[in-house]
$ cat input_13.cif   # mmCIF, C-alpha atoms
data_my_file
loop_
_atom_site.group_PDB
_atom_site.id
_atom_site.type_symbol
_atom_site.label_atom_id
_atom_site.label_comp_id
_atom_site.auth_asym_id
_atom_site.auth_seq_id
_atom_site.Cartn_x
_atom_site.Cartn_y
_atom_site.Cartn_z
ATOM 1 C CA MET A 1 -5.893 2.553 2.932
ATOM 2 C CA ILE A 2 -4.178 1.324 6.116
ATOM 3 C CA ASP A 3 -1.668 4.186 5.834
ATOM 4 C CA LEU A 4 -4.501 6.673 5.400
ATOM 5 C CA PHE A 5 -6.515 5.450 8.377
ATOM 6 C CA ILE A 6 -3.623 5.032 10.790
ATOM 7 C CA PHE A 7 -1.075 7.731 9.941
ATOM 8 C CA HIS A 8 -3.254 10.380 8.270
ATOM 9 C CA LEU A 9 -6.498 10.195 10.259
ATOM 10 C CA ALA A 10 -5.930 8.462 13.604
ATOM 11 C CA LEU A 11 -2.401 9.586 14.526
ATOM 12 C CA GLN A 12 -2.413 12.679 12.264
ATOM 13 C CA TRP A 13 1.359 12.358 11.800
ATOM 14 C CA HIS A 14 1.289 13.573 8.215
ATOM 15 C CA HIS A 15 -0.876 14.265 5.196
ATOM 16 C CA PHE A 16 -0.624 13.088 1.616
ATOM 17 C CA TYR A 17 0.956 16.417 0.643
ATOM 18 C CA ASP A 18 2.654 18.412 3.412
ATOM 19 C CA LEU A 19 4.491 21.105 1.433
ATOM 20 C CA SER A 20 1.703 23.702 1.632
ATOM 21 C CA THR A 21 -1.019 24.964 3.965
ATOM 22 C CA ASN A 22 -3.084 22.752 6.231
ATOM 23 C CA GLU A 23 -6.090 23.356 3.954
ATOM 24 C CA VAL A 24 -4.197 22.056 0.916
ATOM 25 C CA ALA A 25 -2.935 19.075 2.949
ATOM 26 C CA LEU A 26 -6.471 18.143 4.048
ATOM 27 C CA THR A 27 -7.767 18.543 0.486
ATOM 28 C CA ALA A 28 -4.978 16.270 -0.780
ATOM 29 C CA ASP A 29 -5.913 13.715 1.906
ATOM 30 C CA GLY A 30 -9.537 13.900 0.726
ATOM 31 C CA PHE A 31 -8.579 13.172 -2.880
ATOM 32 C CA PHE A 32 -6.216 10.401 -1.721
ATOM 33 C CA HIS A 33 -8.997 8.904 0.404
ATOM 34 C CA ALA A 34 -11.550 9.095 -2.438
ATOM 35 C CA PHE A 35 -9.113 7.542 -4.910
ATOM 36 C CA GLY A 36 -8.268 4.769 -2.420
ATOM 37 C CA TRP A 37 -11.941 3.893 -1.967
ATOM 38 C CA PHE A 38 -12.544 4.038 -5.732
ATOM 39 C CA ILE A 39 -9.714 1.555 -6.300
ATOM 40 C CA THR A 40 -10.962 -0.662 -3.451
ATOM 41 C CA VAL A 41 -14.527 -0.830 -4.780
ATOM 42 C CA TRP A 42 -13.294 -1.358 -8.340
ATOM 43 C CA GLY A 43 -11.073 -4.205 -7.117
ATOM 44 C CA LEU A 44 -14.008 -5.808 -5.303
ATOM 45 C CA PHE A 45 -16.082 -5.704 -8.495
ATOM 46 C CA LEU A 46 -13.210 -7.296 -10.424
ATOM 47 C CA LEU A 47 -12.846 -9.969 -7.735
ATOM 48 C CA ALA A 48 -16.593 -10.670 -7.811
ATOM 49 C CA ASP A 49 -16.427 -11.027 -11.602
ATOM 50 C CA VAL A 50 -13.527 -13.468 -11.377
ATOM 51 C CA ARG A 51 -15.350 -15.450 -8.663
ATOM 52 C CA ARG A 52 -18.424 -15.620 -10.901
ATOM 53 C CA ARG A 53 -16.432 -17.037 -13.815
ATOM 54 C CA THR A 54 -13.997 -19.375 -12.072
ATOM 55 C CA ASN A 55 -12.649 -20.666 -8.788
ATOM 56 C CA VAL A 56 -10.374 -18.190 -7.001
ATOM 57 C CA PRO A 57 -7.119 -19.646 -5.626
ATOM 58 C CA TRP A 58 -7.362 -17.753 -2.303
ATOM 59 C CA SER A 59 -3.841 -18.478 -1.096
ATOM 60 C CA ARG A 60 -2.438 -17.072 -4.340
ATOM 61 C CA TRP A 61 -4.782 -14.077 -4.106
ATOM 62 C CA THR A 62 -3.586 -13.469 -0.534
ATOM 63 C CA GLY A 63 0.027 -13.528 -1.718
ATOM 64 C CA ALA A 64 -0.778 -10.994 -4.431
ATOM 65 C CA VAL A 65 -2.491 -8.681 -1.928
ATOM 66 C CA ILE A 66 0.437 -8.877 0.515
ATOM 67 C CA ALA A 67 2.950 -8.276 -2.276
ATOM 68 C CA GLY A 68 0.872 -5.321 -3.515
ATOM 69 C CA VAL A 69 0.725 -3.740 -0.062
ATOM 70 C CA GLY A 70 4.477 -4.187 0.335
ATOM 71 C CA PHE A 71 5.180 -2.745 -3.097
ATOM 72 C CA PHE A 72 2.979 0.303 -2.474
ATOM 73 C CA GLN A 73 4.553 0.900 0.932
ATOM 74 C CA LEU A 74 8.057 0.595 -0.534
ATOM 75 C CA LEU A 75 7.198 2.936 -3.401
ATOM 76 C CA ASP A 76 5.653 5.433 -0.966
ATOM 77 C CA GLY A 77 8.586 5.245 1.433
ATOM 78 C CA VAL A 78 11.298 5.632 -1.185
ATOM 79 C CA VAL A 79 9.657 7.915 -3.766
ATOM 80 C CA SER A 80 7.203 10.088 -1.779
ATOM 81 C CA HIS A 81 9.142 10.259 1.486
ATOM 82 C CA LYS A 82 12.752 10.317 0.339
ATOM 83 C CA LEU A 83 13.064 11.269 -3.351
ATOM 84 C CA LEU A 84 10.203 13.765 -3.702
ATOM 85 C CA GLY A 85 9.998 14.739 -0.035
ATOM 86 C CA ILE A 86 6.284 15.561 -0.327
ATOM 87 C CA HIS A 87 5.660 14.111 3.123
ATOM 88 C CA GLN A 88 7.433 12.238 5.895
ATOM 89 C CA ILE A 89 6.138 9.612 8.288
ATOM 90 C CA ARG A 90 6.409 12.119 11.143
ATOM 91 C CA TYR A 91 7.766 15.575 11.740
ATOM 92 C CA ASP A 92 10.048 17.033 14.398
ATOM 93 C CA VAL A 93 11.587 13.643 15.237
ATOM 94 C CA ASP A 94 14.661 11.717 14.083
ATOM 95 C CA LEU A 95 13.385 9.873 11.002
ATOM 96 C CA LEU A 96 15.968 7.070 10.882
ATOM 97 C CA LEU A 97 13.976 4.624 13.036
ATOM 98 C CA TYR A 98 10.662 5.505 11.338
ATOM 99 C CA ASP A 99 12.145 5.135 7.858
ATOM 100 C CA ALA A 100 13.880 1.876 8.783
ATOM 101 C CA VAL A 101 10.639 0.384 10.131
ATOM 102 C CA TRP A 102 8.522 1.711 7.222
ATOM 103 C CA ILE A 103 10.849 0.618 4.438
ATOM 104 C CA GLY A 104 11.940 -2.557 6.252
ATOM 105 C CA SER A 105 8.352 -3.692 6.793
ATOM 106 C CA ALA A 106 7.602 -2.863 3.134
ATOM 107 C CA VAL A 107 10.456 -5.089 1.983
ATOM 108 C CA ALA A 108 9.318 -7.840 4.371
ATOM 109 C CA LEU A 109 5.704 -7.687 3.115
ATOM 110 C CA LEU A 110 6.843 -7.660 -0.504
ATOM 111 C CA PHE A 111 9.134 -10.651 0.124
ATOM 112 C CA ILE A 112 6.406 -12.612 1.971
ATOM 113 C CA GLY A 113 3.867 -11.890 -0.772
ATOM 114 C CA LEU A 114 6.278 -12.893 -3.530
ATOM 115 C CA LEU A 115 7.186 -16.063 -1.609
ATOM 116 C CA ILE A 116 3.501 -16.994 -1.331
ATOM 117 C CA LEU A 117 3.026 -16.282 -5.049
ATOM 118 C CA TRP A 118 6.047 -18.406 -5.914
ATOM 119 C CA ARG A 119 4.886 -21.302 -3.699
ATOM 120 C CA THR A 120 1.355 -21.196 -5.153
ATOM 121 C CA ARG A 121 2.313 -20.824 -8.800
ATOM 122 C CA PRO A 122 0.488 -23.114 -11.192
ATOM 123 C CA VAL A 123 2.321 -26.295 -12.072
ATOM 124 C CA PRO A 124 2.860 -26.502 -15.845
ATOM 125 C CA ALA A 125 1.046 -29.401 -17.447
ATOM 126 C CA ASP A 126 3.287 -31.891 -19.211
ATOM 127 C CA THR A 127 2.540 -32.063 -22.910
#

$ encode --input "input_13.cif" --output "structure tokens"
Amino acid sequence: MIDLFIFHLALQWHHFYDLSTNEVALTADGFFHAFGWFITVWGLFLLADVRRRTNVPWSRWTGAVIAGVGFFQLLDGVVSHKLLGIHQIRYDVDLLLYDAVWIGSAVALLFIGLLILWRTRPVPADT
């Protein structure tokens, strides 16, 4: 959702699918946006259900969210941008710096999230 709001809508650097007409690109952004909101609302319902049934370990939840954002960004940067080439971060510029920042920040977020998850893992009960 952050990618959509910043790079697709605010800066208009690229669309979800840039290999066709502008109309197709905007339609793809619309479906991407709708799917992103669907997943967000669904996740909030799941979180509310978990909160209703038990206590939520918020630091662990935060680690999972950060790791998930990093994983998505890494997947997007490597698969969509580089392997499939369906869109780039920007056009008509040297992509090396953009790719390094995008993929580097994805790896950093993934590492930070996984570190938080590791540090907040449940301690096994001795039997």

$ residues_around --input "input_13.cif" --residues "A:Ala108" --least-positions-apart "2" --cutoff "12 Å" --atoms "all atoms listed in the file" --output "ChimeraX atom specification"
/A:66-71,73-74,100-106,110-115

$ write_last_selection --input "input_13.cif" --atoms "C-alpha atoms" --output "PDB file, in the coordinates of the input"
ATOM      1  CA  ILE A  66       0.437  -8.877   0.515  1.00  0.00           C
ATOM      2  CA  ALA A  67       2.950  -8.276  -2.276  1.00  0.00           C
ATOM      3  CA  GLY A  68       0.872  -5.321  -3.515  1.00  0.00           C
ATOM      4  CA  VAL A  69       0.725  -3.740  -0.062  1.00  0.00           C
ATOM      5  CA  GLY A  70       4.477  -4.187   0.335  1.00  0.00           C
ATOM      6  CA  PHE A  71       5.180  -2.745  -3.097  1.00  0.00           C
ATOM      7  CA  GLN A  73       4.553   0.900   0.932  1.00  0.00           C
ATOM      8  CA  LEU A  74       8.057   0.595  -0.534  1.00  0.00           C
ATOM      9  CA  ALA A 100      13.880   1.876   8.783  1.00  0.00           C
ATOM     10  CA  VAL A 101      10.639   0.384  10.131  1.00  0.00           C
ATOM     11  CA  TRP A 102       8.522   1.711   7.222  1.00  0.00           C
ATOM     12  CA  ILE A 103      10.849   0.618   4.438  1.00  0.00           C
ATOM     13  CA  GLY A 104      11.940  -2.557   6.252  1.00  0.00           C
ATOM     14  CA  SER A 105       8.352  -3.692   6.793  1.00  0.00           C
ATOM     15  CA  ALA A 106       7.602  -2.863   3.134  1.00  0.00           C
ATOM     16  CA  LEU A 110       6.843  -7.660  -0.504  1.00  0.00           C
ATOM     17  CA  PHE A 111       9.134 -10.651   0.124  1.00  0.00           C
ATOM     18  CA  ILE A 112       6.406 -12.612   1.971  1.00  0.00           C
ATOM     19  CA  GLY A 113       3.867 -11.890  -0.772  1.00  0.00           C
ATOM     20  CA  LEU A 114       6.278 -12.893  -3.530  1.00  0.00           C
ATOM     21  CA  LEU A 115       7.186 -16.063  -1.609  1.00  0.00           C
TER      22      LEU A 115
END

$ atom_distance --input "input_13.cif" --atom1 "atom CA of A:Ile6" --atom2 "atom CA of A:Trp61"
24.3 Å

$ resolve_selection --input "input_13.cif" --expression "the PyMOL selection byres ((chain A and resi 7-22) around 7)" --output "PyMOL selection string"
chain A and resi 3-6+23-26+28-29+86-90

$ residues_around --input "input_13.cif" --residues "A:Arg119" --least-positions-apart "6" --cutoff "10 Å" --atoms "all atoms listed in the file" --output "PDB file with C-alpha atoms, keeping the file's coordinate frame"
ATOM      1  CA  SER A  59      -3.841 -18.478  -1.096  1.00  0.00           C
ATOM      2  CA  ARG A  60      -2.438 -17.072  -4.340  1.00  0.00           C
ATOM      3  CA  GLY A  63       0.027 -13.528  -1.718  1.00  0.00           C
ATOM      4  CA  GLY A 113       3.867 -11.890  -0.772  1.00  0.00           C
TER       5      GLY A 113
END

$ atom_distance --input "input_13.cif" --atom1 "atom CA of A:Trp42" --atom2 "atom CA of A:Asp76"
21.4 Å

$ atom_distance --input "input_13.cif" --atom1 "atom CA of A:Leu96" --atom2 "atom CA of A:Phe35"
29.6 Å

$ closest_residue --input "input_13.cif" --among "A:Tyr98, A:Lys82, A:Ile2, A:Leu75" --to "A:Gly36" --atoms "all atoms listed in the file"
A:Ile2

$ build_atoms --input "input_13.cif" --residues "stretch 48-83 of chain A" --atoms "N, CA and C atoms" --output "short mmCIF file (atom, residue, chain, number, x, y, z; two decimals), keeping the file's coordinate frame"
data_model
loop_
_atom_site.label_atom_id
_atom_site.label_comp_id
_atom_site.auth_asym_id
_atom_site.auth_seq_id
_atom_site.Cartn_x
_atom_site.Cartn_y
_atom_site.Cartn_z
N ALA A 48 -15.29 -10.01 -7.69
CA ALA A 48 -16.59 -10.67 -7.81
C ALA A 48 -16.78 -11.25 -9.21
N ASP A 49 -16.31 -10.53 -10.23
CA ASP A 49 -16.43 -11.03 -11.60
C ASP A 49 -15.59 -12.29 -11.80
N VAL A 50 -14.38 -12.28 -11.26
CA VAL A 50 -13.53 -13.47 -11.38
C VAL A 50 -14.16 -14.64 -10.64
N ARG A 51 -14.70 -14.38 -9.43
CA ARG A 51 -15.35 -15.45 -8.66
C ARG A 51 -16.56 -16.02 -9.40
N ARG A 52 -17.26 -15.17 -10.15
CA ARG A 52 -18.42 -15.62 -10.90
C ARG A 52 -18.01 -16.56 -12.03
N ARG A 53 -16.86 -16.27 -12.64
CA ARG A 53 -16.43 -17.04 -13.82
C ARG A 53 -15.62 -18.27 -13.49
N THR A 54 -14.90 -18.26 -12.37
CA THR A 54 -14.00 -19.38 -12.07
C THR A 54 -13.73 -19.45 -10.57
N ASN A 55 -13.05 -20.50 -10.18
CA ASN A 55 -12.65 -20.67 -8.79
C ASN A 55 -11.44 -19.77 -8.49
N VAL A 56 -11.47 -19.08 -7.38
CA VAL A 56 -10.37 -18.19 -7.00
C VAL A 56 -9.40 -18.96 -6.11
N PRO A 57 -8.13 -19.03 -6.50
CA PRO A 57 -7.12 -19.65 -5.63
C PRO A 57 -6.77 -18.66 -4.50
N TRP A 58 -7.45 -18.77 -3.36
CA TRP A 58 -7.36 -17.75 -2.30
C TRP A 58 -5.97 -17.58 -1.73
N SER A 59 -5.20 -18.64 -1.63
CA SER A 59 -3.84 -18.48 -1.10
C SER A 59 -2.99 -17.66 -2.06
N ARG A 60 -3.17 -17.87 -3.34
CA ARG A 60 -2.44 -17.07 -4.34
C ARG A 60 -2.92 -15.62 -4.33
N TRP A 61 -4.22 -15.42 -4.20
CA TRP A 61 -4.78 -14.08 -4.11
C TRP A 61 -4.23 -13.35 -2.88
N THR A 62 -4.14 -14.05 -1.76
CA THR A 62 -3.59 -13.47 -0.53
C THR A 62 -2.13 -13.05 -0.75
N GLY A 63 -1.36 -13.88 -1.41
CA GLY A 63 0.03 -13.53 -1.72
C GLY A 63 0.12 -12.29 -2.58
N ALA A 64 -0.77 -12.17 -3.56
CA ALA A 64 -0.78 -10.99 -4.43
C ALA A 64 -1.14 -9.74 -3.65
N VAL A 65 -2.11 -9.84 -2.74
CA VAL A 65 -2.49 -8.68 -1.93
C VAL A 65 -1.34 -8.26 -1.03
N ILE A 66 -0.69 -9.21 -0.37
CA ILE A 66 0.44 -8.88 0.52
C ILE A 66 1.59 -8.27 -0.28
N ALA A 67 1.90 -8.84 -1.43
CA ALA A 67 2.95 -8.28 -2.28
C ALA A 67 2.58 -6.87 -2.74
N GLY A 68 1.32 -6.64 -3.09
CA GLY A 68 0.87 -5.32 -3.52
C GLY A 68 0.97 -4.29 -2.42
N VAL A 69 0.60 -4.65 -1.21
CA VAL A 69 0.72 -3.74 -0.06
C VAL A 69 2.19 -3.41 0.18
N GLY A 70 3.05 -4.42 0.15
CA GLY A 70 4.48 -4.19 0.34
C GLY A 70 5.07 -3.31 -0.75
N PHE A 71 4.66 -3.55 -1.99
CA PHE A 71 5.18 -2.74 -3.10
C PHE A 71 4.74 -1.29 -2.96
N PHE A 72 3.46 -1.07 -2.65
CA PHE A 72 2.98 0.30 -2.47
C PHE A 72 3.72 1.00 -1.34
N GLN A 73 3.88 0.31 -0.23
CA GLN A 73 4.55 0.90 0.93
C GLN A 73 6.01 1.22 0.61
N LEU A 74 6.68 0.35 -0.13
CA LEU A 74 8.06 0.60 -0.53
C LEU A 74 8.13 1.78 -1.49
N LEU A 75 7.24 1.82 -2.46
CA LEU A 75 7.20 2.94 -3.40
C LEU A 75 6.93 4.25 -2.67
N ASP A 76 5.98 4.24 -1.76
CA ASP A 76 5.65 5.43 -0.97
C ASP A 76 6.84 5.87 -0.12
N GLY A 77 7.47 4.92 0.55
CA GLY A 77 8.59 5.24 1.43
C GLY A 77 9.80 5.78 0.70
N VAL A 78 10.11 5.21 -0.44
CA VAL A 78 11.30 5.63 -1.18
C VAL A 78 11.00 6.87 -2.04
N VAL A 79 9.92 6.81 -2.83
CA VAL A 79 9.66 7.92 -3.77
C VAL A 79 9.04 9.13 -3.06
N SER A 80 7.89 8.94 -2.40
CA SER A 80 7.20 10.09 -1.78
C SER A 80 7.97 10.67 -0.59
N HIS A 81 8.47 9.78 0.28
CA HIS A 81 9.14 10.26 1.49
C HIS A 81 10.56 10.76 1.21
N LYS A 82 11.33 9.99 0.48
CA LYS A 82 12.75 10.32 0.34
C LYS A 82 13.09 11.09 -0.93
N LEU A 83 12.67 10.61 -2.10
CA LEU A 83 13.06 11.27 -3.35
C LEU A 83 12.32 12.58 -3.58
#
